[in-house]
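Colleague: This is target-v6.cif (mmCIF, C-alpha atoms, pLDDT in the B column; chains and numbers go by the auth columns).
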data_run
loop_
_atom_site.group_PDB
_atom_site.id
_atom_site.type_symbol
_atom_site.label_atom_id
_atom_site.label_comp_id
_atom_site.label_asym_id
_atom_site.label_seq_id
_atom_site.Cartn_x
_atom_site.Cartn_y
_atom_site.Cartn_z
_atom_site.B_iso_or_equiv
_atom_site.auth_seq_id
_atom_site.auth_asym_id
ATOM 1 C CA GLN A 1 253.307 168.677 -10.667 70.00 1 T
ATOM 2 C CA PRO A 2 254.495 168.882 -7.072 69.00 2 T
ATOM 3 C CA LEU A 3 255.242 165.572 -5.405 74.00 3 T
ATOM 4 C CA TYR A 4 254.169 164.852 -1.846 79.00 4 T
ATOM 5 C CA PRO A 5 255.377 164.650 0.846 82.00 5 T
ATOM 6 C CA ALA A 6 258.258 166.778 -0.530 79.00 6 T
ATOM 7 C CA ALA A 7 255.873 169.578 -1.548 79.00 7 T
ATOM 8 C CA TYR A 8 254.581 170.132 1.976 86.00 8 T
ATOM 9 C CA PRO A 9 255.936 173.261 3.722 86.00 9 T
ATOM 10 C CA GLY A 10 258.943 172.510 5.907 87.00 10 T
ATOM 11 C CA VAL A 11 259.755 169.208 4.184 90.00 11 T
ATOM 12 C CA ILE A 12 263.076 168.902 2.363 92.00 12 T
ATOM 13 C CA GLY A 13 262.703 167.505 -1.150 90.00 13 T
ATOM 14 C CA VAL A 14 265.688 165.268 -1.922 92.00 14 T
ATOM 15 C CA GLY A 15 266.917 164.040 -5.306 91.00 15 T
ATOM 16 C CA ALA A 16 269.418 161.265 -5.910 92.00 16 T
ATOM 17 C CA THR A 17 272.666 161.364 -7.853 91.00 17 T
ATOM 18 C CA GLY A 18 275.019 158.702 -9.086 90.00 18 T
ATOM 19 C CA ARG A 19 278.700 158.749 -9.860 85.00 19 T
ATOM 20 C CA GLY A 20 280.000 162.135 -10.918 82.00 20 T
ATOM 21 C CA GLY A 21 276.885 163.906 -9.664 82.00 21 T
ATOM 22 C CA VAL A 22 274.712 162.705 -12.545 84.00 22 T
ATOM 23 C CA ALA A 23 271.010 162.756 -11.662 86.00 23 T
ATOM 24 C CA TYR A 24 269.483 159.345 -10.957 88.00 24 T
ATOM 25 C CA ALA A 25 267.125 158.654 -13.872 87.00 25 T
ATOM 26 C CA ASP A 26 264.247 157.383 -11.686 85.00 26 T
ATOM 27 C CA GLY A 27 264.745 159.962 -8.933 81.00 27 T
ATOM 28 C CA ASN A 28 262.693 162.917 -7.757 76.00 28 T
ATOM 29 C CA ARG A 29 262.967 166.039 -9.898 77.00 29 T
ATOM 30 C CA GLY A 30 261.184 169.313 -10.378 76.00 30 T
ATOM 31 C CA PRO A 31 260.132 172.176 -8.153 75.00 31 T
ATOM 32 C CA GLY A 32 259.930 170.077 -4.980 79.00 32 T
ATOM 33 C CA THR A 33 263.582 168.992 -5.174 86.00 33 T
ATOM 34 C CA GLU A 34 265.807 171.260 -3.092 88.00 34 T
ATOM 35 C CA ILE A 35 268.973 169.230 -2.576 92.00 35 T
ATOM 36 C CA THR A 36 270.638 166.161 -4.069 92.00 36 T
ATOM 37 C CA ALA A 37 272.741 163.476 -2.425 94.00 37 T
ATOM 38 C CA PRO A 38 274.273 160.120 -3.374 94.00 38 T
ATOM 39 C CA GLY A 39 271.546 157.615 -4.189 94.00 39 T
ATOM 40 C CA VAL A 40 273.014 155.093 -6.640 94.00 40 T
ATOM 41 C CA ASP A 41 274.869 151.923 -5.651 94.00 41 T
ATOM 42 C CA ILE A 42 274.334 152.586 -1.939 94.00 42 T
ATOM 43 C CA VAL A 43 274.821 149.681 0.445 94.00 43 T
ATOM 44 C CA SER A 44 271.793 149.109 2.647 92.00 44 T
ATOM 45 C CA THR A 45 270.182 146.406 4.716 91.00 45 T
ATOM 46 C CA ALA A 46 268.349 143.571 2.985 91.00 46 T
ATOM 47 C CA PRO A 47 265.969 140.814 4.070 92.00 47 T
ATOM 48 C CA GLY A 48 267.522 137.887 5.888 94.00 48 T
ATOM 49 C CA SER A 49 269.968 139.986 7.939 91.00 49 T
ATOM 50 C CA GLY A 50 271.936 140.820 4.813 95.00 50 T
ATOM 51 C CA PHE A 51 273.178 143.787 2.868 95.00 51 T
ATOM 52 C CA ALA A 52 272.687 144.790 -0.756 96.00 52 T
ATOM 53 C CA PHE A 53 273.371 147.673 -3.097 95.00 53 T
ATOM 54 C CA ALA A 54 270.328 149.728 -4.054 93.00 54 T
ATOM 55 C CA ASP A 55 269.358 152.938 -5.840 94.00 55 T
ATOM 56 C CA GLY A 56 266.813 155.637 -5.069 92.00 56 T
ATOM 57 C CA THR A 57 265.907 158.916 -3.506 91.00 57 T
ATOM 58 C CA SER A 58 265.063 157.167 -0.241 91.00 58 T
ATOM 59 C CA LEU A 59 268.722 156.243 0.094 93.00 59 T
ATOM 60 C CA ALA A 60 269.779 159.813 -0.756 94.00 60 T
ATOM 61 C CA THR A 61 267.389 161.112 1.890 94.00 61 T
ATOM 62 C CA ALA A 62 269.290 159.191 4.560 95.00 62 T
ATOM 63 C CA TYR A 63 272.444 161.184 3.715 95.00 63 T
ATOM 64 C CA VAL A 64 270.590 164.494 4.036 96.00 64 T
ATOM 65 C CA SER A 65 268.896 163.418 7.284 96.00 65 T
ATOM 66 C CA GLY A 66 272.229 162.340 8.738 96.00 66 T
ATOM 67 C CA ALA A 67 273.956 165.587 7.789 96.00 67 T
ATOM 68 C CA LEU A 68 271.101 167.648 9.214 96.00 68 T
ATOM 69 C CA SER A 69 271.176 165.615 12.438 96.00 69 T
ATOM 70 C CA LEU A 70 274.917 166.207 12.858 94.00 70 T
ATOM 71 C CA LEU A 71 274.476 169.925 12.237 95.00 71 T
ATOM 72 C CA ALA A 72 271.558 170.180 14.663 95.00 72 T
ATOM 73 C CA SER A 73 273.563 168.367 17.313 94.00 73 T
ATOM 74 C CA ALA A 74 276.566 170.656 16.831 92.00 74 T
ATOM 75 C CA SER A 75 274.572 173.878 16.759 91.00 75 T
ATOM 76 C CA GLY A 76 271.769 173.027 19.169 93.00 76 T
ATOM 77 C CA ASP A 77 269.335 174.743 16.785 93.00 77 T
ATOM 78 C CA LEU A 78 267.476 172.861 14.036 93.00 78 T
ATOM 79 C CA ALA A 79 266.557 176.033 12.117 93.00 79 T
ATOM 80 C CA LEU A 80 270.203 177.180 12.124 94.00 80 T
ATOM 81 C CA ALA A 81 271.301 173.686 11.064 94.00 81 T
ATOM 82 C CA ARG A 82 268.898 173.688 8.122 94.00 82 T
ATOM 83 C CA GLN A 83 269.998 177.172 7.030 94.00 83 T
ATOM 84 C CA ALA A 84 273.678 176.194 7.267 94.00 84 T
ATOM 85 C CA LEU A 85 273.120 173.007 5.263 94.00 85 T
ATOM 86 C CA PHE A 86 271.382 174.887 2.451 93.00 86 T
ATOM 87 C CA ARG A 87 273.889 177.767 2.427 91.00 87 T
ATOM 88 C CA ALA A 88 276.735 175.280 2.033 92.00 88 T
ATOM 89 C CA ALA A 89 274.786 173.200 -0.510 91.00 89 T
ATOM 90 C CA ARG A 90 274.043 176.222 -2.684 88.00 90 T
ATOM 91 C CA GLN A 91 277.588 177.525 -2.909 83.00 91 T
ATOM 92 C CA PRO A 92 278.333 178.328 -6.567 74.00 92 T
ATOM 93 C CA SER A 93 281.018 175.639 -6.653 69.00 93 T
ATOM 94 C CA ARG A 94 278.448 172.958 -5.655 62.00 94 T
ATOM 95 C CA ALA A 95 274.983 173.973 -6.796 54.00 95 T
ATOM 96 C CA THR A 96 273.415 173.222 -10.132 60.00 96 T
ATOM 97 C CA SER A 97 270.849 175.929 -10.929 60.00 97 T
ATOM 98 C CA ARG A 98 268.452 176.178 -7.955 68.00 98 T
ATOM 99 C CA ILE A 99 269.163 172.729 -6.509 79.00 99 T
ATOM 100 C CA GLY A 100 271.825 172.373 -3.850 85.00 100 T
ATOM 101 C CA VAL A 101 274.256 169.480 -3.676 88.00 101 T
ATOM 102 C CA LEU A 102 274.927 167.847 -0.309 91.00 102 T
ATOM 103 C CA PRO A 103 278.159 169.480 0.884 91.00 103 T
ATOM 104 C CA PRO A 104 280.961 167.979 2.938 91.00 104 T
ATOM 105 C CA ILE A 105 279.880 168.169 6.574 91.00 105 T
ATOM 106 C CA CYS A 106 282.807 170.459 7.452 92.00 106 T
ATOM 107 C CA SER A 107 281.535 173.035 4.933 91.00 107 T
ATOM 108 C CA ALA A 108 278.085 172.959 6.499 93.00 108 T
ATOM 109 C CA LEU A 109 279.542 173.174 10.018 93.00 109 T
ATOM 110 C CA ALA A 110 281.512 176.257 8.956 92.00 110 T
ATOM 111 C CA GLU A 111 278.260 177.848 7.740 92.00 111 T
ATOM 112 C CA ALA A 112 276.811 177.150 11.196 92.00 112 T
ATOM 113 C CA GLY A 113 279.810 178.816 12.836 91.00 113 T
ATOM 114 C CA ARG A 114 281.070 175.549 14.308 90.00 114 T
ATOM 115 C CA PRO A 115 284.586 174.159 13.933 84.00 115 T
ATOM 116 C CA CYS A 116 285.178 170.891 12.168 85.00 116 T
ATOM 117 C CA SER A 117 287.435 168.688 14.241 76.00 117 T
ATOM 118 C CA ALA A 118 289.761 166.267 12.505 65.00 118 T
ATOM 119 C CA ALA A 119 290.196 164.303 15.741 59.00 119 T
ATOM 120 C CA PRO A 120 288.178 161.081 16.183 59.00 120 T
#
What would the structure in this file look like if it were written as structure tokens?
Modeller:
Amino acid sequence: QPLYPAAYPGVIGVGATGRGGVAYADGNRGPGTEITAPGVDIVSTAPGSGFAFADGTSLATAYVSGALSLLASASGDLALARQALFRAARQPSRATSRIGVLPPICSALAEAGRPCSAAP
């Protein structure tokens, strides 16, 4: 069954992976999942002004959102940024079946026709 909100048109369905790219057991799967990103043992904020390690697709989604934001900023075009992210994520060396794997940002920038600067 499709999961919402990931199944809505225009929404990116994100799955989580752990070390070595292994799918997170409690993460999103199925036809609504389009891309995976790190989502296990991720440091995040915690109550009481603290930090803690957590797992989940919500944490993986932050990686995808951040990458897409960087690409949109560099290209000036959200549609181009999304296309570049998915082209890079679905390269045969990265993808597993139909699901893309979050690529290094420089790979996605190259797909968008933008240079990746090594300078800070």
Colleague: Counting all atoms listed in the file, figure out which residue out of T:Ala7, T:Leu70, T:Cys106, T:Val40 gets nearest to Gly56 in chain T.
Modeller: T:Val40
Colleague: Residues picked by the PyMOL selection byres ((chain T and resi 55) around 10) here, as an MDAnalysis selection string?
Modeller: chainID T and resid 16:18 24 26:27 38:44 53:54 56:60
Colleague: Which neighbours of Gly66 in chain T fall inside 12 Å, counting only C-alpha atoms, when residues of the same chain fewer than 4 positions from it are skipped, and could you give them as a PyMOL selection string?
Modeller: chain T and resi 37+59-62+70-73+81-82+85+102+104-105
Colleague: Quick one: of T:Gly20, T:Gly100, T:Pro47, T:Pro92, who's nearest to Glu34 in chain T, counting all atoms listed in the file?
Modeller: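 Checking each candidate against Glu34 in chain T, we get T:Gly100 as the closest.
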Colleague: So how many Å separate CA of Gly10 in chain T and CA of Val101 in chain T, to one decimal?
Modeller: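 Computed distance, CA of Gly10 in chain T to CA of Val101 in chain T, equals 18.3 Å.
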